[in-house]
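S.K.: Pasting work.txt below, which is compact mmCIF, C-alpha atoms (C1' of nucleotides).
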```txt
# COMPACT_ATOMS: atom_id res chain seq x y z
CA MET D 1 0.00 0.00 0.00
CA GLU D 2 2.76 2.36 1.03
CA LYS D 3 4.30 1.61 -2.34
CA VAL D 4 1.10 1.94 -4.34
CA VAL D 5 0.34 5.43 -3.12
CA ALA D 6 3.91 6.60 -3.58
CA ASP D 7 3.81 5.34 -7.16
CA THR D 8 0.53 7.12 -7.82
CA LEU D 9 2.04 10.36 -6.58
CA LYS D 10 5.17 9.99 -8.66
CA ARG D 11 3.15 9.14 -11.74
CA SER D 12 1.32 12.44 -11.23
CA GLN D 13 4.62 14.28 -10.85
CA LEU D 14 3.98 15.17 -7.25
CA SER D 15 6.46 15.25 -4.43
CA VAL D 16 5.96 12.26 -2.17
CA THR D 17 5.16 13.76 1.20
CA ASP D 18 3.76 12.43 4.44
CA SER D 19 0.42 14.15 4.18
CA ARG D 20 -0.18 13.17 0.57
CA LYS D 21 0.64 9.54 1.30
CA ARG D 22 -1.62 9.43 4.36
CA ILE D 23 -4.54 11.19 2.68
CA LEU D 24 -4.33 9.01 -0.39
CA GLU D 25 -4.30 5.94 1.83
CA PHE D 26 -7.48 7.10 3.50
CA PHE D 27 -9.18 7.02 0.12
CA HIS D 28 -7.86 3.55 -0.63
CA HIS D 29 -9.07 2.23 2.71
CA SER D 30 -12.49 3.87 2.53
CA ASP D 31 -15.29 2.17 0.68
CA GLY D 32 -17.14 5.44 0.23
CA ALA D 33 -16.38 9.03 -0.62
CA LEU D 34 -14.68 11.35 1.84
CA ALA D 35 -15.29 14.98 2.67
CA HIS D 36 -12.67 17.36 3.95
CA GLY D 37 -14.02 16.93 7.48
CA ASP D 38 -13.75 13.15 7.34
CA ILE D 39 -10.08 13.38 6.51
CA GLU D 40 -9.50 15.90 9.26
CA LYS D 41 -10.98 13.44 11.75
CA LEU D 42 -9.21 10.39 10.29
CA SER D 43 -5.86 12.11 10.52
CA GLY D 44 -6.47 13.20 14.10
CA ASP D 45 -5.21 16.74 13.61
CA GLN D 46 -1.95 15.43 12.30
CA PHE D 47 -2.08 17.90 9.42
CA ASP D 48 -3.19 21.46 9.16
CA ARG D 49 -6.62 22.11 7.70
CA VAL D 50 -5.05 24.13 4.94
CA THR D 51 -2.80 21.27 3.96
CA ILE D 52 -5.81 19.00 3.57
CA TYR D 53 -7.62 21.53 1.42
CA ARG D 54 -4.61 22.00 -0.80
CA THR D 55 -3.93 18.30 -1.06
CA LEU D 56 -7.49 17.62 -2.15
CA GLN D 57 -7.31 20.38 -4.75
CA THR D 58 -4.06 19.02 -6.06
CA PHE D 59 -5.44 15.49 -6.27
CA VAL D 60 -8.46 16.71 -8.22
CA GLU D 61 -6.26 18.65 -10.64
CA LYS D 62 -4.04 15.63 -11.19
CA GLY D 63 -6.99 13.33 -11.80
CA ILE D 64 -6.41 11.18 -8.72
CA ILE D 65 -9.75 11.94 -7.10
CA HIS D 66 -12.95 13.58 -8.31
CA SER D 67 -15.55 15.65 -6.50
CA ILE D 68 -19.13 14.52 -6.16
CA PRO D 69 -22.05 16.94 -6.28
CA THR D 70 -24.40 16.66 -3.33
CA ALA D 71 -27.70 18.20 -2.32
CA ASP D 72 -26.35 19.52 0.96
CA ASN D 73 -23.33 21.73 0.58
CA SER D 74 -20.48 19.47 1.50
CA ILE D 75 -18.02 18.55 -1.21
CA ARG D 76 -17.13 14.88 -1.22
CA TYR D 77 -14.30 13.20 -3.06
CA ALA D 78 -13.63 9.71 -4.33
CA LEU D 79 -10.81 7.94 -6.12
CA CYS D 80 -10.89 8.10 -9.89
CA GLN D 81 -10.71 5.08 -12.11
CA GLN D 82 -7.43 4.49 -13.91
CA GLU D 83 -8.62 6.23 -17.04
CA CYS D 84 -8.49 9.69 -15.49
CA GLU D 85 -5.52 11.85 -16.31
CA ALA D 86 -4.48 15.30 -15.14
CA GLY D 87 -7.10 17.80 -16.14
CA HIS D 88 -9.19 15.14 -17.84
CA HIS D 89 -11.81 13.43 -15.79
CA HIS D 90 -13.88 10.65 -17.30
CA ASP D 91 -15.96 9.76 -14.32
CA ASN D 92 -19.21 8.98 -16.02
CA HIS D 93 -20.62 6.74 -13.35
CA VAL D 94 -23.55 7.19 -11.00
CA HIS D 95 -23.06 8.27 -7.39
CA PHE D 96 -25.14 6.92 -4.56
CA VAL D 97 -25.76 8.62 -1.23
CA CYS D 98 -27.20 6.47 1.55
CA ASP D 99 -29.85 8.24 3.60
CA SER D 100 -29.21 5.88 6.50
CA CYS D 101 -25.44 5.76 6.98
CA GLY D 102 -24.66 8.93 5.05
CA ASN D 103 -21.96 7.25 3.00
CA THR D 104 -21.42 8.15 -0.62
CA PHE D 105 -20.46 5.46 -3.12
CA CYS D 106 -19.32 5.41 -6.70
CA LEU D 107 -21.36 2.90 -8.66
CA ASN D 108 -18.57 2.34 -11.12
CA HIS D 109 -20.53 -0.13 -13.17
CA VAL D 110 -23.65 1.97 -13.50
CA THR D 111 -23.20 4.34 -16.42
CA ILE D 112 -24.97 7.64 -16.87
CA PRO D 113 -28.06 7.23 -19.04
CA PRO D 114 -28.34 9.63 -21.98
CA VAL D 115 -30.35 12.80 -21.37
CA GLN D 116 -32.29 14.44 -24.17
CA LEU D 117 -31.79 18.21 -23.87
CA PRO D 118 -34.02 20.92 -25.36
CA GLU D 119 -32.82 22.53 -28.58
CA GLY D 120 -29.98 24.99 -28.18
CA PHE D 121 -28.52 23.39 -25.07
CA THR D 122 -25.14 21.66 -25.32
CA SER D 123 -24.08 19.13 -22.72
CA LYS D 124 -20.53 18.82 -21.47
CA GLN D 125 -21.01 16.76 -18.35
CA THR D 126 -23.82 14.94 -16.61
CA ASP D 127 -23.86 14.16 -12.91
CA VAL D 128 -26.30 11.65 -11.50
CA VAL D 129 -26.71 11.32 -7.75
CA VAL D 130 -29.12 8.71 -6.47
CA SER D 131 -30.12 8.76 -2.82
CA GLY D 132 -31.74 5.93 -0.93
CA ILE D 133 -30.64 2.93 1.12
CA CYS D 134 -27.35 1.20 0.41
CA LYS D 135 -26.71 -2.53 0.45
CA LYS D 136 -25.32 -2.69 3.98
CA CYS D 137 -28.08 -0.61 5.52
CA GLY D 138 -30.70 -2.62 3.65
CA ILE D 139 -29.44 -5.74 5.43
CA ASN D 140 -28.81 -4.19 8.89
CA PRO D 141 -31.24 -1.30 9.21
CA MET O 1 -48.19 39.33 -9.50
CA GLU O 2 -48.57 40.96 -6.13
CA LYS O 3 -51.75 38.91 -5.81
CA VAL O 4 -50.27 35.66 -7.07
CA VAL O 5 -47.45 35.59 -4.54
CA ALA O 6 -49.76 36.55 -1.67
CA ASP O 7 -52.08 33.70 -2.62
CA THR O 8 -49.20 31.25 -2.74
CA LEU O 9 -48.16 32.28 0.75
CA LYS O 10 -51.68 31.99 2.13
CA ARG O 11 -52.15 28.61 0.51
CA SER O 12 -49.02 27.48 2.40
CA GLN O 13 -50.39 28.90 5.65
CA LEU O 14 -47.68 31.52 5.90
CA SER O 15 -48.04 35.08 7.10
CA VAL O 16 -47.91 37.45 4.18
CA THR O 17 -44.94 39.67 4.86
CA ASP O 18 -42.91 42.11 2.84
CA SER O 19 -39.81 39.99 2.64
CA ARG O 20 -41.65 36.82 1.68
CA LYS O 21 -43.53 38.61 -1.06
CA ARG O 22 -40.41 40.23 -2.46
CA ILE O 23 -38.32 37.08 -2.36
CA LEU O 24 -41.03 35.00 -3.97
CA GLU O 25 -41.36 37.63 -6.71
CA PHE O 26 -37.65 37.36 -7.42
CA PHE O 27 -38.15 33.69 -8.18
CA HIS O 28 -41.10 34.41 -10.44
CA HIS O 29 -39.13 37.04 -12.37
CA SER O 30 -35.98 34.96 -12.69
CA ASP O 31 -35.61 32.48 -15.50
CA GLY O 32 -32.99 30.50 -13.60
CA ALA O 33 -32.34 29.30 -10.09
CA LEU O 34 -31.26 31.68 -7.34
CA ALA O 35 -28.72 31.31 -4.57
CA HIS O 36 -28.86 33.10 -1.26
CA GLY O 37 -26.31 35.61 -2.49
CA ASP O 38 -28.33 36.44 -5.61
CA ILE O 39 -31.32 37.37 -3.50
CA GLU O 40 -29.19 39.44 -1.20
CA LYS O 41 -27.99 41.46 -4.18
CA LEU O 42 -31.41 41.68 -5.82
CA SER O 43 -32.95 43.03 -2.65
CA GLY O 44 -30.19 45.59 -2.23
CA ASP O 45 -29.72 44.97 1.47
CA GLN O 46 -33.38 45.61 2.09
CA PHE O 47 -33.57 42.52 4.28
CA ASP O 48 -31.25 41.00 6.78
CA ARG O 49 -29.18 38.03 5.68
CA VAL O 50 -30.79 35.94 8.36
CA THR O 51 -34.27 36.75 7.11
CA ILE O 52 -33.33 35.54 3.65
CA TYR O 53 -31.91 32.29 5.00
CA ARG O 54 -35.02 31.67 7.05
CA THR O 55 -37.37 32.58 4.24
CA LEU O 56 -35.63 30.16 1.89
CA GLN O 57 -35.78 27.40 4.48
CA THR O 58 -39.46 28.03 5.04
CA PHE O 59 -40.19 28.00 1.32
CA VAL O 60 -38.41 24.68 0.91
CA GLU O 61 -40.35 23.16 3.82
CA LYS O 62 -43.62 24.38 2.39
CA GLY O 63 -42.86 23.01 -1.05
CA ILE O 64 -42.72 26.40 -2.76
CA ILE O 65 -39.13 26.13 -3.90
CA HIS O 66 -36.64 23.25 -4.08
CA SER O 67 -32.88 23.13 -3.74
CA ILE O 68 -30.65 22.03 -6.56
CA PRO O 69 -27.49 19.98 -6.02
CA THR O 70 -24.38 21.51 -7.55
CA ALA O 71 -20.79 20.48 -7.98
CA ASP O 72 -19.49 23.58 -6.24
CA ASN O 73 -20.93 24.03 -2.81
CA SER O 74 -23.47 26.78 -3.31
CA ILE O 75 -27.07 25.87 -2.72
CA ARG O 76 -29.41 27.12 -5.41
CA TYR O 77 -33.18 27.21 -5.33
CA ALA O 78 -35.92 27.23 -7.93
CA LEU O 79 -39.70 27.36 -7.93
CA CYS O 80 -41.47 24.05 -7.66
CA GLN O 81 -44.10 22.93 -10.07
CA GLN O 82 -47.68 23.03 -8.80
CA GLU O 83 -47.60 19.39 -7.82
CA CYS O 84 -45.32 19.98 -4.84
CA GLU O 85 -46.90 20.13 -1.41
CA ALA O 86 -45.50 20.83 2.02
CA GLY O 87 -42.96 18.18 2.87
CA HIS O 88 -43.49 16.41 -0.41
CA HIS O 89 -41.34 17.36 -3.33
CA HIS O 90 -41.89 15.78 -6.71
CA ASP O 91 -39.25 17.59 -8.72
CA ASN O 92 -38.15 14.83 -10.99
CA HIS O 93 -36.77 17.01 -13.74
CA VAL O 94 -33.25 17.57 -14.95
CA HIS O 95 -31.24 20.61 -13.88
CA PHE O 96 -28.90 22.42 -16.21
CA VAL O 97 -25.94 24.58 -15.17
CA CYS O 98 -24.46 26.83 -17.84
CA ASP O 99 -20.67 26.94 -17.76
CA SER O 100 -20.69 30.30 -19.53
CA CYS O 101 -23.24 32.46 -17.71
CA GLY O 102 -23.38 30.38 -14.55
CA ASN O 103 -27.17 30.26 -14.52
CA THR O 104 -29.01 27.20 -13.38
CA PHE O 105 -32.21 26.14 -15.09
CA CYS O 106 -34.91 23.61 -14.43
CA LEU O 107 -35.59 21.61 -17.56
CA ASN O 108 -39.14 20.92 -16.52
CA HIS O 109 -39.90 18.88 -19.60
CA VAL O 110 -36.86 16.65 -19.40
CA THR O 111 -37.60 13.79 -17.04
CA ILE O 112 -35.05 11.78 -15.14
CA PRO O 113 -34.12 8.61 -17.01
CA PRO O 114 -34.36 5.37 -15.03
CA VAL O 115 -31.14 4.21 -13.37
CA GLN O 116 -30.43 0.52 -12.90
CA LEU O 117 -28.92 0.07 -9.44
CA PRO O 118 -26.85 -2.89 -8.21
CA GLU O 119 -28.65 -5.48 -6.13
CA GLY O 120 -29.37 -4.45 -2.55
CA PHE O 121 -29.56 -0.73 -3.28
CA THR O 122 -32.91 1.02 -3.01
CA SER O 123 -33.49 4.35 -4.71
CA LYS O 124 -35.54 7.11 -3.17
CA GLN O 125 -34.54 10.09 -5.27
CA THR O 126 -32.42 10.72 -8.32
CA ASP O 127 -30.83 14.07 -9.12
CA VAL O 128 -29.47 14.79 -12.55
CA VAL O 129 -27.39 17.88 -13.17
CA VAL O 130 -26.17 18.54 -16.68
CA SER O 131 -23.55 21.20 -17.27
CA GLY O 132 -22.68 22.77 -20.59
CA ILE O 133 -23.79 25.76 -22.64
CA CYS O 134 -27.33 27.08 -22.40
CA LYS O 135 -29.47 28.30 -25.25
CA LYS O 136 -28.72 32.02 -24.78
CA CYS O 137 -24.97 31.56 -24.47
CA GLY O 138 -24.97 29.26 -27.48
CA ILE O 139 -26.37 32.13 -29.57
CA ASN O 140 -24.33 34.99 -28.02
CA PRO O 141 -21.09 33.42 -26.79
C1' DA F 1 -58.56 48.53 18.87
C1' DA F 2 -56.47 45.16 21.87
C1' DT F 3 -54.35 40.81 22.24
C1' DT F 4 -51.94 36.92 20.62
C1' DT F 5 -48.92 34.85 17.37
C1' DT F 6 -45.49 35.06 14.01
C1' DT F 7 -41.70 37.17 11.83
C1' DT F 8 -37.85 40.26 11.62
C1' DG F 9 -33.35 42.34 12.74
C1' DC F 10 -29.44 42.44 15.56
C1' DA F 11 -25.54 40.44 17.78
C1' DA F 12 -22.80 36.82 18.41
C1' DC F 13 -20.99 32.54 17.15
C1' DG F 14 -19.41 28.38 14.34
C1' DT F 15 -18.04 26.17 10.15
C1' DT F 16 -15.90 26.10 5.77
C1' DG F 17 -12.69 27.56 2.58
C1' DT F 18 -8.87 30.93 0.80
C1' DT F 19 -4.43 33.66 0.61
C1' DG F 20 0.39 35.33 1.77
C1' DC F 21 4.51 34.29 3.69
C1' DA F 22 8.32 32.24 6.33
C1' DA F 23 9.98 27.69 7.80
C1' DA F 24 10.46 22.86 6.81
C1' DA F 25 10.67 18.95 3.94
C1' DG F 26 11.48 16.80 -0.50
C1' DA F 27 14.01 16.55 -4.87
C1' DT F 28 18.21 17.33 -7.39
C1' DT F 29 22.91 17.89 -8.30
C1' DA F 30 27.57 17.27 -7.65
C1' DT J 1 26.42 12.45 1.52
C1' DA J 2 26.26 17.36 1.62
C1' DA J 3 24.78 21.59 -0.66
C1' DT J 4 21.42 23.73 -3.43
C1' DC J 5 17.13 24.43 -5.44
C1' DT J 6 12.20 23.56 -5.51
C1' DT J 7 8.05 22.32 -3.51
C1' DT J 8 5.13 21.81 0.33
C1' DT J 9 3.65 22.75 4.94
C1' DG J 10 1.93 25.37 8.91
C1' DC J 11 0.61 29.60 10.81
C1' DA J 12 -1.99 33.78 10.88
C1' DA J 13 -5.33 36.34 9.12
C1' DC J 14 -9.23 36.88 6.42
C1' DA J 15 -13.73 36.17 3.87
C1' DA J 16 -18.00 33.74 2.82
C1' DC J 17 -21.61 31.10 4.37
C1' DG J 18 -24.82 29.62 7.62
C1' DT J 19 -27.04 29.14 12.51
C1' DT J 20 -29.06 30.44 17.13
C1' DG J 21 -31.15 33.32 20.92
C1' DC J 22 -33.61 37.12 22.01
C1' DA J 23 -36.04 41.55 22.03
C1' DA J 24 -38.65 44.56 18.90
C1' DA J 25 -41.80 44.93 15.11
C1' DA J 26 -45.27 43.35 12.11
C1' DA J 27 -49.13 40.33 10.90
C1' DA J 28 -53.11 37.71 12.27
C1' DT J 29 -56.92 37.03 15.38
C1' DT J 30 -60.41 38.36 18.55
```
Hey, can you dump this file as structure tokens for me?

M.R.:
Amino acid sequence: MEKVVADTLKRSQLSVTDSRKRILEFFHHSDGALAHGDIEKLSGDQFDRVTIYRTLQTFVEKGIIHSIPTADNSIRYALCQQECEAGHHHDNHVHFVCDSCGNTFCLNHVTIPPVQLPEGFTSKQTDVVVSGICKKCGINP
Amino acid sequence: MEKVVADTLKRSQLSVTDSRKRILEFFHHSDGALAHGDIEKLSGDQFDRVTIYRTLQTFVEKGIIHSIPTADNSIRYALCQQECEAGHHHDNHVHFVCDSCGNTFCLNHVTIPPVQLPEGFTSKQTDVVVSGICKKCGINP
DNA sequence: AATTTTTTGCAACGTTGTTGCAAAAGATTA
DNA sequence: TAATCTTTTGCAACAACGTTGCAAAAAATT
């Protein structure tokens, strides 16, 4: 794991630092998406808030993670698939927010259905966020 | 118009006040969605920030307006269709955010396509936000 | 018109996110 | 490995956004 995250950072031409390694590991260990606050808690105030903000920004720019739109106003992030490169996100999967546990998941195998727009509108990106009950919470409510 | 907004407020069992009338009129006059900040500017500091926040909350609860999920973390609101009642939103249309002018529109006639979820997941609501270039900006870039 | 209820505005506070700058850590070179 | 250069971090300060409690004002009710 240690090695995997270091390689990811190098591949993105980023200096391999403590905070970047730790934060990237959090994403690998999490099965859902993470918000800034989650990382702050996970790290136990090991890093400055500002460092976390900047690291997340950098990761988004480099195509390591992507942000997920949500109805409340907290930005959540999740790991990108391999196909994402710096400045070029191809995350065309559906996101799922569980109303019970609050977790956000990438449904990597559920692709965005086509949307028919009115005349004159041009689409660049489509985000689909489904909310409801996730698999785990459906079993143990 | 004056009459229409007053009626809407009464129908929702709300006191008819200056701020509520004005803020509701803003929504009727706007062709896109409005954020808290937009209303603050439109009203020219006529109302306190807090009043605007509370009015928006109340309108959402009463089913007069609904909030729109966005990729950045600003909450935007738009008028509901007639079918919405207090505590029961049925806004199953697609939202469009223009990358050029920044406006957010409800595409009331574009319905949400069905999404096939993995086993064990139950859907309660689906939000679709398309970003790109709107009709106006496509004509006058 | 008087009373009750609701709403508003103010003040204060908390969270979230950003920017500039010096110190520290990482990368690079010899 | 040490010296140098580059990048990143942490701190301080700031700005935007949003919430809560409470007294005054406005709306509804009688």

S.K.: Output as a PyMOL selection string the set of chain O residues within 10 Å of chain D, with distances taken over all atoms listed in the file.

M.R.: chain O and resi 67-76+94-99+107+109-139

S.K.: Should the cut-off be 12 Å, what would the residue list for chain F against chain D look like, counting all atoms listed in the file, as a list in words?

M.R.: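 Close to chain D, chain F has DT15, DT16, DG17, DT18, DT19, DA24, DA25, DG26 and DA27 of chain F.
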
S.K.: Show me, as a list of chain:residue names, every residue of chain J with an atom at most 12 Å from chain O, counting all atoms listed in the file.

M.R.: J:DA16, J:DC17, J:DG18, J:DT19, J:DT20, J:DA25, J:DA26, J:DA27, J:DA28

S.K.: Hey, can you spit out that residue selection with C-alpha atoms (C1' of nucleotides) as a JSON list (two decimals), keeping the file's coordinate frame?

M.R.:
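Wrote it out as result.json, contents follow:
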```json
[["chain", "number", "residue", "atom", "x", "y", "z"],
["J", 16, "DA", "C1'", -18.00, 33.74, 2.82],
["J", 17, "DC", "C1'", -21.61, 31.10, 4.37],
["J", 18, "DG", "C1'", -24.82, 29.62, 7.62],
["J", 19, "DT", "C1'", -27.04, 29.14, 12.51],
["J", 20, "DT", "C1'", -29.06, 30.44, 17.13],
["J", 25, "DA", "C1'", -41.80, 44.93, 15.11],
["J", 26, "DA", "C1'", -45.27, 43.35, 12.11],
["J", 27, "DA", "C1'", -49.13, 40.33, 10.90],
["J", 28, "DA", "C1'", -53.11, 37.71, 12.27]]
```

S.K.: Please identify all polymer residues within 12 Å of F:DC21, counting all atoms listed in the file, omitting same-chain residues fewer than 5 positions from it, and present them as a list in words.

M.R.: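 Skipping anything fewer than 5 positions along the chain leaves DT9, DG10, DC11, DA12 and DA13 of chain J.
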
S.K.: Suppose you want the space between atom CA of D:Leu42 and atom CA of D:Cys80; what is it in Å?

M.R.: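 These two atoms are separated by 20.4 Å.
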
S.K.: Can you tell me which residues surround F:DA12 at a distance of at most 10 Å, considering only C-alpha atoms (C1' of nucleotides), apart from same-chain residues fewer than 2 positions away, and format the answer as a ChimeraX atom specification?

M.R.: /F:10,14 /J:20-21

S.K.: Mind pulling up the distance from atom C1' of J:DA15 to atom CA of D:Phe26?

M.R.: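 Between atom CA of D:Phe26 and atom C1' of J:DA15 the gap is 29.7 Å.
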
S.K.: Give me the residues within 10 Å of O:Val5 as a list in words, counting only C-alpha atoms (C1' of nucleotides) and dropping any in the same chain fewer than 2 places off.

M.R.: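 So, after excluding close chain neighbours, the residues are Met1, Glu2, Lys3, Asp7, Thr8, Leu9, Lys10, Arg11, Val16, Arg20, Lys21, Arg22, Ile23, Leu24, Glu25 and His28 of chain O.
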
S.K.: Could you jot down the atom CA of D:Glu85 to atom CA of O:Ser100 separation for me, Å, one decimal place?

M.R.: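 Computing the Euclidean distance for atom CA of D:Glu85 and atom CA of O:Ser100 yields 24.1 Å.
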
S.K.: Just give me the residues with any atom within 12 Å of (-51.7, 42.6, 22.7), file coordinates, counting all atoms listed in the file, written as JSON, numbers by chain.

M.R.: {"F": [1, 2, 3, 4, 5], "J": [28, 29, 30]}
